[in-house]
Every structure is written in structure tokens, then in C-alpha cells.
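Undergrad: Dropping in input21.csv, which is CSV, C-alpha atoms:
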chain,number,residue,atom,x,y,z
A,1,MET,CA,-104.1,42.4,19.5
A,2,THR,CA,-104.0,39.6,22.1
A,3,LEU,CA,-103.6,36.0,21.1
A,4,THR,CA,-104.3,32.8,23.0
A,5,ASP,CA,-101.6,30.2,23.4
A,6,ASP,CA,-103.2,27.9,20.8
A,7,GLU,CA,-103.4,30.8,18.3
A,8,VAL,CA,-99.7,31.6,18.9
A,9,ARG,CA,-98.9,27.9,18.3
A,10,ASP,CA,-100.8,28.0,15.0
A,11,LEU,CA,-98.6,31.0,14.0
A,12,PHE,CA,-95.2,29.5,14.9
A,13,SER,CA,-94.5,28.5,11.3
A,14,ALA,CA,-95.5,31.8,9.7
A,15,TYR,CA,-93.7,33.7,12.5
A,16,HIS,CA,-90.5,31.8,11.9
A,17,ASP,CA,-90.7,32.4,8.1
A,18,ARG,CA,-91.5,36.1,8.7
A,19,GLU,CA,-94.8,35.7,6.8
A,20,LEU,CA,-96.9,37.6,9.3
A,21,SER,CA,-98.2,41.2,9.0
A,22,PRO,CA,-96.4,43.6,11.3
A,23,GLU,CA,-99.3,43.7,13.7
A,24,ARG,CA,-99.6,39.9,14.1
A,25,ASN,CA,-95.8,39.6,14.2
A,26,ASP,CA,-95.8,42.0,17.2
A,27,ALA,CA,-98.6,40.1,18.9
A,28,VAL,CA,-96.8,36.8,18.6
A,29,ARG,CA,-93.6,38.3,19.9
A,30,ALA,CA,-95.4,39.9,22.9
A,31,ALA,CA,-97.1,36.6,23.7
A,32,LEU,CA,-93.8,34.7,23.6
A,33,ASP,CA,-92.1,37.3,25.8
A,34,ALA,CA,-94.9,37.0,28.3
A,35,ASN,CA,-95.0,33.3,28.5
A,36,ASP,CA,-91.8,31.3,29.2
A,37,GLY,CA,-93.5,27.9,28.5
A,38,LEU,CA,-94.7,29.1,25.2
A,39,LYS,CA,-91.3,30.6,24.4
A,40,ARG,CA,-89.6,27.3,25.2
A,41,GLU,CA,-92.1,25.5,22.8
A,42,TYR,CA,-91.3,28.0,20.1
A,43,ASN,CA,-87.5,27.6,20.6
A,44,GLY,CA,-88.0,23.8,20.4
A,45,PHE,CA,-89.9,24.3,17.1
A,46,CYS,CA,-87.0,26.5,15.8
A,47,LYS,CA,-84.5,23.9,16.8
A,48,MET,CA,-86.4,21.3,14.8
A,49,LEU,CA,-86.2,23.6,11.7
A,50,ASP,CA,-82.5,24.3,12.3
A,51,GLN,CA,-81.8,20.6,12.5
A,52,LEU,CA,-83.7,20.1,9.2
A,53,SER,CA,-81.4,22.8,7.7
A,54,ALA,CA,-78.4,21.0,9.1
A,55,MET,CA,-79.6,17.7,7.5
A,56,ALA,CA,-80.0,19.5,4.2
A,57,ALA,CA,-76.4,20.7,4.5
A,58,GLU,CA,-75.3,17.1,5.0
A,59,ALA,CA,-77.1,16.0,1.9
A,60,GLU,CA,-75.1,18.6,0.0
A,61,ALA,CA,-72.0,16.4,0.7
A,62,PRO,CA,-70.3,14.9,-2.3
A,63,VAL,CA,-71.3,11.7,-4.0
A,64,ALA,CA,-69.7,8.3,-3.7
A,65,GLY,CA,-66.2,8.9,-5.0
A,66,MET,CA,-65.3,11.9,-2.9
A,67,ALA,CA,-66.9,10.7,0.2
A,68,ALA,CA,-65.0,7.4,-0.1
A,69,ALA,CA,-61.8,9.4,-0.3
A,70,LYS,CA,-62.6,11.0,3.0
A,71,GLY,CA,-63.3,7.6,4.5
A,72,ALA,CA,-67.0,8.6,5.1
A,73,GLU,CA,-70.1,6.7,4.1
A,74,PRO,CA,-71.2,8.0,0.7
A,75,VAL,CA,-74.2,10.3,1.0
A,76,ALA,CA,-75.4,9.9,-2.6
A,77,PRO,CA,-74.4,7.1,-4.9
A,78,ASP,CA,-73.0,7.8,-8.4
A,79,LEU,CA,-76.1,7.2,-10.6
A,80,LEU,CA,-74.5,7.8,-14.0
A,81,VAL,CA,-73.5,4.3,-14.8
A,82,GLY,CA,-77.0,2.9,-13.8
A,83,VAL,CA,-78.8,5.6,-15.8
A,84,GLN,CA,-76.7,5.0,-18.9
A,85,ARG,CA,-77.1,1.3,-18.7
A,86,ARG,CA,-80.9,1.6,-18.5
A,87,LEU,CA,-81.0,4.1,-21.4
A,88,GLN,CA,-78.9,1.8,-23.6
A,89,LYS,CA,-81.0,-1.3,-22.7
A,90,ARG,CA,-84.4,0.3,-23.2
A,91,SER,CA,-83.4,2.1,-26.4
A,92,GLY,CA,-81.6,-0.9,-27.9
A,93,GLY,CA,-78.4,1.2,-27.9
A,94,ARG,CA,-80.0,3.9,-30.2
A,95,PHE,CA,-80.7,6.7,-27.7
A,96,TYR,CA,-77.8,8.9,-28.7
A,97,GLN,CA,-78.0,7.9,-32.4
A,98,ASP,CA,-81.4,8.3,-34.0
A,99,GLY,CA,-83.5,10.0,-31.5
A,100,TRP,CA,-85.2,6.9,-30.1
A,101,SER,CA,-87.6,8.7,-27.9
A,102,ARG,CA,-88.7,11.2,-30.5
A,103,MET,CA,-89.2,8.4,-33.1
A,104,ALA,CA,-91.3,6.6,-30.5
A,105,GLY,CA,-93.6,9.6,-30.3
A,106,ILE,CA,-94.0,9.9,-34.1
A,107,PHE,CA,-94.3,6.2,-34.9
A,108,PRO,CA,-95.6,4.5,-31.8
A,109,LEU,CA,-94.7,0.9,-31.2
A,110,GLU,CA,-98.3,0.0,-30.8
A,111,LEU,CA,-98.9,1.1,-34.4
A,112,LEU,CA,-95.9,-0.8,-35.6
A,113,ALA,CA,-97.1,-4.0,-33.9
A,114,THR,CA,-100.6,-3.6,-35.4
A,115,LEU,CA,-99.1,-3.3,-38.9
A,116,VAL,CA,-97.0,-6.4,-38.5
A,117,LEU,CA,-100.0,-8.3,-37.2
A,118,ILE,CA,-102.1,-7.2,-40.2
A,119,ALA,CA,-99.3,-8.2,-42.6
A,120,LEU,CA,-99.1,-11.6,-40.9
A,121,VAL,CA,-102.9,-12.2,-41.2
A,122,VAL,CA,-102.9,-11.2,-44.9
A,123,ALA,CA,-100.0,-13.5,-45.6
A,124,TYR,CA,-101.7,-16.4,-43.8
A,125,VAL,CA,-105.0,-15.8,-45.7
A,126,ALA,CA,-103.2,-15.7,-49.0
A,127,MET,CA,-101.3,-18.9,-48.3
A,128,THR,CA,-104.6,-20.6,-47.2
A,129,MET,CA,-106.3,-19.6,-50.4
A,130,VAL,CA,-103.5,-20.9,-52.6
A,131,SER,CA,-103.3,-24.3,-50.9
A,132,ALA,CA,-107.2,-24.7,-51.0
A,133,ARG,CA,-107.5,-24.1,-54.8
A,134,PRO,CA,-108.3,-27.4,-56.7
A,135,ALA,CA,-105.6,-28.8,-58.9
A,136,PRO,CA,-106.3,-28.4,-62.7
A,137,SER,CA,-108.0,-31.6,-64.2
A,138,PRO,CA,-106.1,-33.2,-67.2
A,139,ALA,CA,-107.3,-32.0,-70.6
A,140,PRO,CA,-109.7,-34.4,-72.5
A,141,PRO,CA,-108.1,-36.1,-75.6
A,142,ARG,CA,-108.7,-34.4,-78.9
A,143,PRO,CA,-111.1,-36.2,-81.4
A,144,GLY,CA,-109.1,-38.5,-83.8
A,145,THR,CA,-106.2,-38.9,-81.4
A,146,PRO,CA,-105.2,-42.5,-81.3
A,147,ILE,CA,-105.5,-44.1,-77.9
A,148,ALA,CA,-102.4,-45.7,-76.8
A,149,ASN,CA,-102.7,-49.4,-75.7
X,1,MET,CA,-74.2,23.3,-9.3
X,2,THR,CA,-76.5,26.2,-10.3
X,3,LEU,CA,-76.4,27.2,-13.9
X,4,ASP,CA,-77.3,30.7,-15.0
X,5,VAL,CA,-80.2,31.1,-17.5
X,6,GLU,CA,-78.0,31.2,-20.6
X,7,ALA,CA,-75.9,28.2,-19.5
X,8,GLU,CA,-79.1,26.3,-18.7
X,9,ARG,CA,-80.6,27.1,-22.1
X,10,ALA,CA,-77.4,25.9,-23.8
X,11,LEU,CA,-77.5,22.7,-21.8
X,12,VAL,CA,-81.2,22.1,-22.7
X,13,GLU,CA,-80.3,22.5,-26.4
X,14,ARG,CA,-77.5,20.0,-26.1
X,15,LEU,CA,-79.8,17.6,-24.3
X,16,ARG,CA,-82.4,17.9,-27.1
X,17,ARG,CA,-79.7,17.0,-29.6
X,18,ARG,CA,-79.0,13.8,-27.6
X,19,ASP,CA,-75.5,15.0,-26.8
X,20,GLU,CA,-74.2,12.2,-24.5
X,21,ALA,CA,-71.6,14.5,-22.8
X,22,ALA,CA,-74.4,16.9,-21.9
X,23,PHE,CA,-76.5,14.1,-20.4
X,24,ASN,CA,-73.5,13.0,-18.3
X,25,LEU,CA,-72.9,16.5,-17.1
X,26,PHE,CA,-76.6,16.9,-16.2
X,27,VAL,CA,-76.6,13.7,-14.2
X,28,ARG,CA,-73.4,14.6,-12.4
X,29,ALA,CA,-74.7,18.1,-11.6
X,30,TYR,CA,-78.1,17.1,-10.2
X,31,GLN,CA,-77.7,13.5,-8.9
X,32,ALA,CA,-77.0,14.4,-5.3
X,33,LYS,CA,-80.0,16.7,-5.1
X,34,VAL,CA,-82.3,14.3,-6.7
X,35,PHE,CA,-81.1,11.4,-4.6
X,36,SER,CA,-81.4,13.4,-1.4
X,37,LEU,CA,-85.0,14.5,-2.2
X,38,VAL,CA,-86.1,11.0,-3.2
X,39,GLN,CA,-84.4,9.3,-0.2
X,40,ARG,CA,-86.1,11.8,2.1
X,41,MET,CA,-89.4,11.0,0.5
X,42,LEU,CA,-89.1,7.3,0.4
X,43,GLY,CA,-86.9,6.7,3.5
X,44,ASN,CA,-85.2,3.8,1.8
X,45,ARG,CA,-81.8,4.0,0.1
X,46,ALA,CA,-82.2,1.1,-2.3
X,47,GLU,CA,-85.6,2.4,-3.5
X,48,ALA,CA,-84.2,5.9,-3.7
X,49,GLU,CA,-81.3,4.8,-5.9
X,50,ASP,CA,-83.6,2.9,-8.3
X,51,LEU,CA,-86.1,5.7,-8.5
X,52,SER,CA,-83.5,8.5,-8.9
X,53,GLN,CA,-82.3,6.7,-12.0
X,54,GLU,CA,-85.9,6.5,-13.3
X,55,VAL,CA,-86.2,10.3,-12.7
X,56,PHE,CA,-83.2,11.0,-15.0
X,57,ILE,CA,-84.5,8.6,-17.7
X,58,THR,CA,-87.9,10.3,-17.6
X,59,VAL,CA,-86.2,13.7,-18.0
X,60,PHE,CA,-84.1,12.5,-20.9
X,61,ARG,CA,-87.1,10.9,-22.7
X,62,SER,CA,-89.2,14.0,-22.3
X,63,ILE,CA,-86.7,16.8,-22.6
X,64,ASP,CA,-88.5,17.8,-25.8
X,65,SER,CA,-91.5,18.7,-23.8
X,66,PHE,CA,-89.6,21.1,-21.5
X,67,ARG,CA,-90.9,24.5,-22.4
X,68,GLY,CA,-88.6,26.6,-20.2
X,69,ASP,CA,-91.4,28.2,-18.2
X,70,ALA,CA,-89.6,27.0,-15.0
X,71,ARG,CA,-85.9,26.5,-14.4
X,72,LEU,CA,-84.5,23.1,-15.4
X,73,GLY,CA,-83.8,22.2,-11.8
X,74,THR,CA,-87.4,23.0,-10.7
X,75,TRP,CA,-88.7,20.9,-13.6
X,76,LEU,CA,-86.4,18.1,-12.5
X,77,TYR,CA,-87.8,18.3,-8.9
X,78,ARG,CA,-91.3,18.2,-10.3
X,79,VAL,CA,-90.6,15.0,-12.2
X,80,ALA,CA,-88.9,13.6,-9.0
X,81,VAL,CA,-91.8,14.5,-6.8
X,82,ASN,CA,-94.3,12.9,-9.2
X,83,HIS,CA,-92.2,9.7,-9.3
X,84,CYS,CA,-92.1,9.7,-5.5
X,85,LYS,CA,-95.8,10.0,-5.2
X,86,ASN,CA,-96.4,7.1,-7.6
X,87,ARG,CA,-93.8,4.9,-5.9
X,88,ILE,CA,-95.2,5.7,-2.4
X,89,LYS,CA,-98.7,4.7,-3.6
X,90,TYR,CA,-97.3,1.5,-5.1
X,91,LEU,CA,-95.4,0.6,-2.0
X,92,ASP,CA,-98.4,1.4,0.2
X,93,ARG,CA,-100.5,-1.0,-2.0
X,94,ARG,CA,-97.9,-3.6,-1.7
X,95,VAL,CA,-97.9,-3.3,2.1
X,96,THR,CA,-101.7,-3.3,2.2
X,97,ARG,CA,-101.9,-6.5,0.2
X,98,GLY,CA,-99.5,-8.1,2.6
X,99,HIS,CA,-97.2,-9.7,0.0
X,100,ASP,CA,-94.2,-9.0,2.1
X,101,ALA,CA,-94.4,-9.7,5.8
X,102,LEU,CA,-91.3,-7.6,6.6
X,103,ASP,CA,-92.6,-4.6,4.6
X,104,GLU,CA,-96.0,-5.0,6.3
X,105,GLU,CA,-94.4,-4.7,9.7
X,106,GLY,CA,-92.5,-1.6,8.7
X,107,GLY,CA,-95.6,-0.1,7.1
X,108,LYS,CA,-97.7,-0.7,10.2
X,109,ALA,CA,-95.2,1.0,12.3
X,110,LEU,CA,-95.2,4.0,9.9
X,111,THR,CA,-98.9,4.3,9.8
X,112,GLU,CA,-99.6,3.7,13.4
X,113,GLY,CA,-96.6,5.7,14.8
X,114,GLY,CA,-95.6,2.5,16.6
X,115,PRO,CA,-92.1,1.1,17.1
X,116,VAL,CA,-90.3,3.0,14.3
X,117,MET,CA,-88.8,5.4,16.8
X,118,SER,CA,-87.0,3.9,19.8
X,119,ARG,CA,-87.5,5.8,23.0
X,120,PRO,CA,-84.2,6.9,24.5
X,121,ASP,CA,-83.8,6.5,28.2
X,122,ARG,CA,-83.0,10.1,28.6
X,123,PRO,CA,-84.6,12.1,25.8
X,124,ASP,CA,-83.2,15.4,26.9
X,125,GLU,CA,-79.6,14.1,26.4
X,126,SER,CA,-80.5,12.4,23.1
X,127,MET,CA,-81.7,15.6,21.5
X,128,GLN,CA,-78.3,16.7,20.3
X,129,GLY,CA,-76.9,17.0,16.7
X,130,ALA,CA,-76.9,13.8,14.8
X,131,GLU,CA,-79.1,12.0,17.2
X,132,LEU,CA,-81.9,14.6,16.8
X,133,GLY,CA,-81.3,14.3,13.0
X,134,LYS,CA,-82.0,10.6,13.2
X,135,VAL,CA,-85.2,11.1,15.2
X,136,ILE,CA,-86.4,13.7,12.7
X,137,ASP,CA,-85.6,11.5,9.8
X,138,ARG,CA,-87.7,8.7,11.2
X,139,ALA,CA,-90.5,11.2,12.1
X,140,LEU,CA,-90.6,12.3,8.5
X,141,GLY,CA,-91.6,8.8,7.6
X,142,LEU,CA,-94.6,9.1,9.8
X,143,LEU,CA,-96.0,12.1,7.9
X,144,GLU,CA,-98.6,11.9,5.2
X,145,GLU,CA,-97.2,12.0,1.7
X,146,GLU,CA,-98.4,15.6,1.0
X,147,HIS,CA,-97.0,16.9,4.3
X,148,ARG,CA,-93.7,15.1,3.8
X,149,THR,CA,-93.4,16.6,0.3
X,150,LEU,CA,-93.7,20.1,1.6
X,151,VAL,CA,-91.4,19.7,4.6
X,152,VAL,CA,-88.8,18.1,2.3
X,153,LEU,CA,-89.0,20.8,-0.4
X,154,ARG,CA,-89.1,23.8,2.0
X,155,ASP,CA,-87.1,22.8,5.0
X,156,LEU,CA,-84.7,20.3,3.6
X,157,GLU,CA,-84.2,21.4,0.1
X,158,GLY,CA,-84.6,25.1,0.9
X,159,LEU,CA,-86.8,25.9,-2.0
X,160,SER,CA,-88.8,29.1,-2.3
X,161,TYR,CA,-92.6,29.2,-2.0
X,162,GLU,CA,-92.7,30.0,-5.7
X,163,ASP,CA,-90.7,27.0,-6.7
X,164,ILE,CA,-92.8,24.8,-4.4
X,165,MET,CA,-95.9,26.2,-6.1
X,166,THR,CA,-94.5,25.2,-9.5
X,167,ILE,CA,-93.5,21.8,-8.4
X,168,THR,CA,-96.7,20.8,-6.6
X,169,GLY,CA,-99.1,22.8,-8.7
X,170,LEU,CA,-100.7,24.3,-5.5
X,171,PRO,CA,-101.5,27.9,-4.9
X,172,GLU,CA,-99.5,30.0,-2.5
X,173,GLY,CA,-102.0,30.0,0.3
X,174,THR,CA,-102.4,26.3,0.2
X,175,VAL,CA,-98.7,25.7,0.2
X,176,LYS,CA,-98.3,27.9,3.3
X,177,SER,CA,-101.2,26.5,5.3
X,178,ARG,CA,-100.3,22.9,4.5
X,179,LEU,CA,-96.6,23.6,5.3
X,180,HIS,CA,-97.8,24.9,8.7
X,181,ARG,CA,-99.8,21.7,9.3
X,182,ALA,CA,-96.9,19.6,8.1
X,183,ARG,CA,-94.5,21.2,10.5
X,184,ALA,CA,-96.9,20.8,13.4
X,185,ALA,CA,-97.4,17.2,12.5
X,186,LEU,CA,-93.7,16.6,12.3
X,187,ARG,CA,-93.3,18.2,15.7
X,188,GLU,CA,-96.0,16.0,17.2
X,189,ALA,CA,-94.4,12.9,15.6
X,190,ILE,CA,-91.0,13.8,17.1
X,191,GLU,CA,-92.5,14.5,20.5
X,192,ARG,CA,-94.7,11.4,20.5
X,193,GLY,CA,-91.7,9.3,19.7
X,194,LEU,CA,-89.5,10.9,22.3
X,195,GLY,CA,-92.2,11.1,24.9
X,196,CYS,CA,-91.3,14.7,25.7
X,197,LYS,CA,-91.6,18.2,24.3
X,198,LEU,CA,-88.9,19.3,21.9
X,199,PRO,CA,-86.3,21.0,24.1
X,200,GLU,CA,-84.9,24.5,23.3
Any chance you could put this one into C-alpha cells?
TA:
Amino acid sequence: MTLTDDEVRDLFSAYHDRELSPERNDAVRAALDANDGLKREYNGFCKMLDQLSAMAAEAEAPVAGMAAAKGAEPVAPDLLVGVQRRLQKRSGGRFYQDGWSRMAGIFPLELLATLVLIALVVAYVAMTMVSARPAPSPAPPRPGTPIAN
Amino acid sequence: MTLDVEAERALVERLRRRDEAAFNLFVRAYQAKVFSLVQRMLGNRAEAEDLSQEVFITVFRSIDSFRGDARLGTWLYRVAVNHCKNRIKYLDRRVTRGHDALDEEGGKALTEGGPVMSRPDRPDESMQGAELGKVIDRALGLLEEEHRTLVVLRDLEGLSYEDIMTITGLPEGTVKSRLHRARAALREAIERGLGCKLPE
């Protein structure tokens, strides 16, 4: 199998990851051996991937506290305080007590808000009806009752 | 920190019981990895810190929905990648609307491959160690979001194709072909910025 330079370039990634069939793998190797320019390109490609691995290793460095002890710039900040603060704030301090997020799923806040709204409307209508009812008129005098002067 | 299957199952059970010590342990164990992934995706430390915290809060709130089909760490990555995609879209929209002049300039540079990377006087000398790392870091910001995701997961986080398939929801063939295109695009971005081929 003979490959053109462009075909070999398209296979750099798979060749590097050893994802090619034995036949294609041999064809790429032969093409690289036969072409110094192409081989240099492939080596540059490998260098880029090696550098990515090195960057990944740097990211494995410790979080703020340990990096500061070494006098280095912290690679990753300590997120715990911020995470806990947000959790406490959003759950009203109940996250670790009554299963706030689970309750939210069973009894959604939208339903609660709707029920409160309905209760307020009912209360308002009841109060309106009570205040609009006419006051009872005084009872007429009984026959024979003397009228006071 | 990598937990074995049994330890991970025990940790998930404690998380479901809202055990505060377990939550603290979980954050401490995974924060460096999550922050690293998010920072690579967003290219901004302050945004990454904010979003990483949101990732953990999402995990805590939805731990009951974790079925255990994937490893906990893989699931965490999936949550993180989804958060990153949403944040990138949000930031892109903000740049497009032009609300923030400074952001707009940065965004233009990213989309047009403009002045983000400074050209060194002697690129061959600059391509060593940390310097090359900086160039690659900037070039990552030039990639499309889906390409950046694959390069970050495979080449920076060192995840297997299987994990990447779980995280992205893409089939194996698509992951491989897109990763190839992503690496080629990264190489082009680096070489365009440097004005020369990547040296051996």
C-alpha cells in the first residue's frame, strides 16, 4: 500500500495512537522513512502532543495551599469554601439537614407559590364579601309599644 | 485520587445521605481535575473558578440521579463539560451583543485567529518547554468548542476513548475522526500563530 503525503498527514493522529491496522501502520511508517520532510512534520506533531501531556502533568500539581508552601503560583484554587457557601445560601442552610434538593423535587417551589397565591385570593374575596354585606336595619317597634317622647 | 469501585459506591451512598464530610472529601478529591478541565475549556481563571463551583453544586443536587452506569469521576466530567458548553455559548452571545468592549476585542481575536498569539522574533528558539506550552494554551482557545473538548479530554486529561464516548455521548468512530480533525486544527493554529512549522 502506497500513501500520498496528504493521506499520511491525515493518519498522523491514528498512527500516534496506534489505532491503525497493521497494513496501514506499515504503510505510514514506510512513507515517513522515505520522506524526511514528512517525518519532521510528524515529529513536530508528536512534540505538540507530548507538550499537551506535560501540561496535563502540571495541572496535576497541588491546589492552593500546597503550591503556596512551595512558593509557586497555585495551579488550582481551593473550591471547598466557595462551594459550601453557595450550598448554604441557596438551601437556606438546610442542605445537610432535611434533604433540600430532594424535597424540591417532590414539592416544587412553583406549586408552593401557586398554593400561597390561591390562598391569598380566597382570603381577599372573603374579606371583600364580608365588607360589602349591608348592615342589618333596626327592628320595627312592636304594636302597643309606647313611643318615647 | 482514584477510588476503587467499592470505595466509590460507599462515597456515593454517603453523598446521598447528605453527609457533609463526604461532600468535603469529594470536593477535595476532584477539585484540581475539574478546575483544570474547566480552565482549559474556558481559558479564563476567574470564570473557571466560578463554573467549577457550579459543577460541584450540580453534582450535589443531582446525586440521587446518578445510576452508577459510569464511574463517578466520568459522570463528574460529563457535568463539567455540559456546564462548559453552556457557559461558552453564554459568553459567545455576550461578545456578539457587544456589551463588553474588552470582551469583544478578545472574542474577535479568538474567532479570527488574530492578535491572541504574539509572534516571537525567533520561533525556533521559542518552541521550548513552557514557552511552547503557552503557545499551545492560546491555540486551544482558537479551536471550535467541540474540537477543544476532545483535545482537552484526550490529550490533556488523558481519558480513554470509552470515557470520552460516555462524556460526550458520541460514538467511537465520531470521537476518533473528530479528534483527528481537532488535533490537525490545533497544529494549524499553532503554526499560524508562530508563522512556521512545528519543529521536531
Undergrad: Any chance you could tabulate, as a Markdown table, the residues of chain X at most 9 Å from chain A with each one's nearest atom pair and distance in Å to one decimal, using only C-alpha atoms, in chain and rising number order?
TA:
| residue | atom | partner | partner_atom | distance |
| --- | --- | --- | --- | --- |
| X:Arg17 | CA | A:Gly99 | CA | 8.2 |
| X:Arg18 | CA | A:Tyr96 | CA | 5.2 |
| X:Asp19 | CA | A:Tyr96 | CA | 6.8 |
| X:Glu20 | CA | A:Tyr96 | CA | 6.4 |
| X:Asn24 | CA | A:Leu80 | CA | 6.8 |
| X:Val27 | CA | A:Leu80 | CA | 6.3 |
| X:Arg28 | CA | A:Leu80 | CA | 7.1 |
| X:Gln31 | CA | A:Leu79 | CA | 6.7 |
| X:Ala32 | CA | A:Ala76 | CA | 5.5 |
| X:Lys33 | CA | A:Glu60 | CA | 7.3 |
| X:Phe35 | CA | A:Ala76 | CA | 6.2 |
| X:Ser36 | CA | A:Ala59 | CA | 6.0 |
| X:Glu49 | CA | A:Pro77 | CA | 7.3 |
| X:Asp50 | CA | A:Gly82 | CA | 8.6 |
| X:Ser52 | CA | A:Leu79 | CA | 7.7 |
| X:Gln53 | CA | A:Val83 | CA | 5.3 |
| X:Glu54 | CA | A:Val83 | CA | 7.6 |
| X:Phe56 | CA | A:Val83 | CA | 7.0 |
| X:Ile57 | CA | A:Val83 | CA | 6.7 |
| X:Phe60 | CA | A:Ser101 | CA | 8.7 |
| X:Arg61 | CA | A:Ser101 | CA | 5.7 |
| X:Ser62 | CA | A:Ser101 | CA | 7.9 |
| X:Asp64 | CA | A:Arg102 | CA | 8.1 |
| X:Gly129 | CA | A:Gln51 | CA | 7.4 |
| X:Ala130 | CA | A:Gln51 | CA | 8.7 |
| X:Leu132 | CA | A:Gln51 | CA | 7.4 |
| X:Gly133 | CA | A:Gln51 | CA | 6.3 |
| X:Ile136 | CA | A:Leu52 | CA | 7.8 |
| X:Asp137 | CA | A:Leu52 | CA | 8.8 |
| X:Val151 | CA | A:Leu52 | CA | 9.0 |
| X:Val152 | CA | A:Leu52 | CA | 8.8 |
| X:Asp155 | CA | A:Leu52 | CA | 6.0 |
| X:Leu156 | CA | A:Ala56 | CA | 4.8 |
| X:Glu157 | CA | A:Ala56 | CA | 6.2 |
| X:Gly158 | CA | A:Ser53 | CA | 7.9 |
| X:Lys176 | CA | A:Ala14 | CA | 8.0 |
| X:Ser177 | CA | A:Ala14 | CA | 8.9 |
| X:Leu179 | CA | A:Ser13 | CA | 8.0 |
| X:His180 | CA | A:Ser13 | CA | 5.5 |
| X:Arg181 | CA | A:Asp10 | CA | 8.6 |
| X:Arg183 | CA | A:Ser13 | CA | 7.3 |
| X:Ala184 | CA | A:Ser13 | CA | 8.3 |
| X:Arg187 | CA | A:Phe45 | CA | 7.1 |
| X:Lys197 | CA | A:Glu41 | CA | 7.5 |
| X:Leu198 | CA | A:Gly44 | CA | 4.8 |
| X:Pro199 | CA | A:Gly44 | CA | 4.9 |
| X:Glu200 | CA | A:Gly44 | CA | 4.3 |
Undergrad: Please measure the separation of CA of Arg178 in chain X and CA of Met165 in chain X, giving the value in Å to one decimal.
TA: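 Computed distance, CA of Arg178 in chain X to CA of Met165 in chain X, equals 11.9 Å.
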Undergrad: Hey, can you check how far CA of Val79 in chain X sits from CA of Leu150 in chain X?
TA: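 Value for the CA of Val79 in chain X-CA of Leu150 in chain X distance: 15.0 Å.
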Undergrad: Mind pulling up the distance from CA of Arg154 in chain X to CA of Gly37 in chain A?
TA: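 These atoms are spaced 27.2 Å apart.
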Undergrad: Using all atoms listed in the file, which residues sit within 9 Å of Ala31 in chain A once same-chain residues fewer than 2 positions away are excluded, as number ranges by chain?
TA: A: 2-5, 8, 26-29, 33-35, 38-39
Undergrad: Tell me which of X:Arg94, X:His83, X:Arg148, X:Arg78 sits closest to Gly169 in chain X, counting only C-alpha atoms.
TA: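 Comparing X:Arg94, X:His83, X:Arg148, X:Arg78 against Gly169 in chain X, the winner is X:Arg78.
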Undergrad: Which of these residues is nearest to Met1 in chain A, using only C-alpha atoms: A:Leu20, A:Leu112, A:Val130, A:Ala30?
TA: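 Ranked by minimum distance to Met1 in chain A, first place goes to A:Ala30.
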Undergrad: Taking all atoms listed in the file into account, name the residue in X:Leu159, X:Val5, X:Ala10, X:Leu194 that is nearest to Asp69 in chain X.
TA: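 The answer is X:Val5, which sits nearest to Asp69 in chain X.
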Undergrad: Tell me, as number ranges by chain, which residues lie within 12 Å of Ala80 in chain X, counting only C-alpha atoms; anything in the same chain fewer than 3 positions away does not count.
TA: X: 30-31, 33-42, 48, 50-59, 73-77, 83-87, 149, 153, 167-168
Undergrad: Which of these residues is nearest to Phe23 in chain X, using only C-alpha atoms: X:Ile63, X:Leu3, X:Leu140, X:Ala46?
TA: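 Selected residue with least distance to Phe23 in chain X: X:Ile63.
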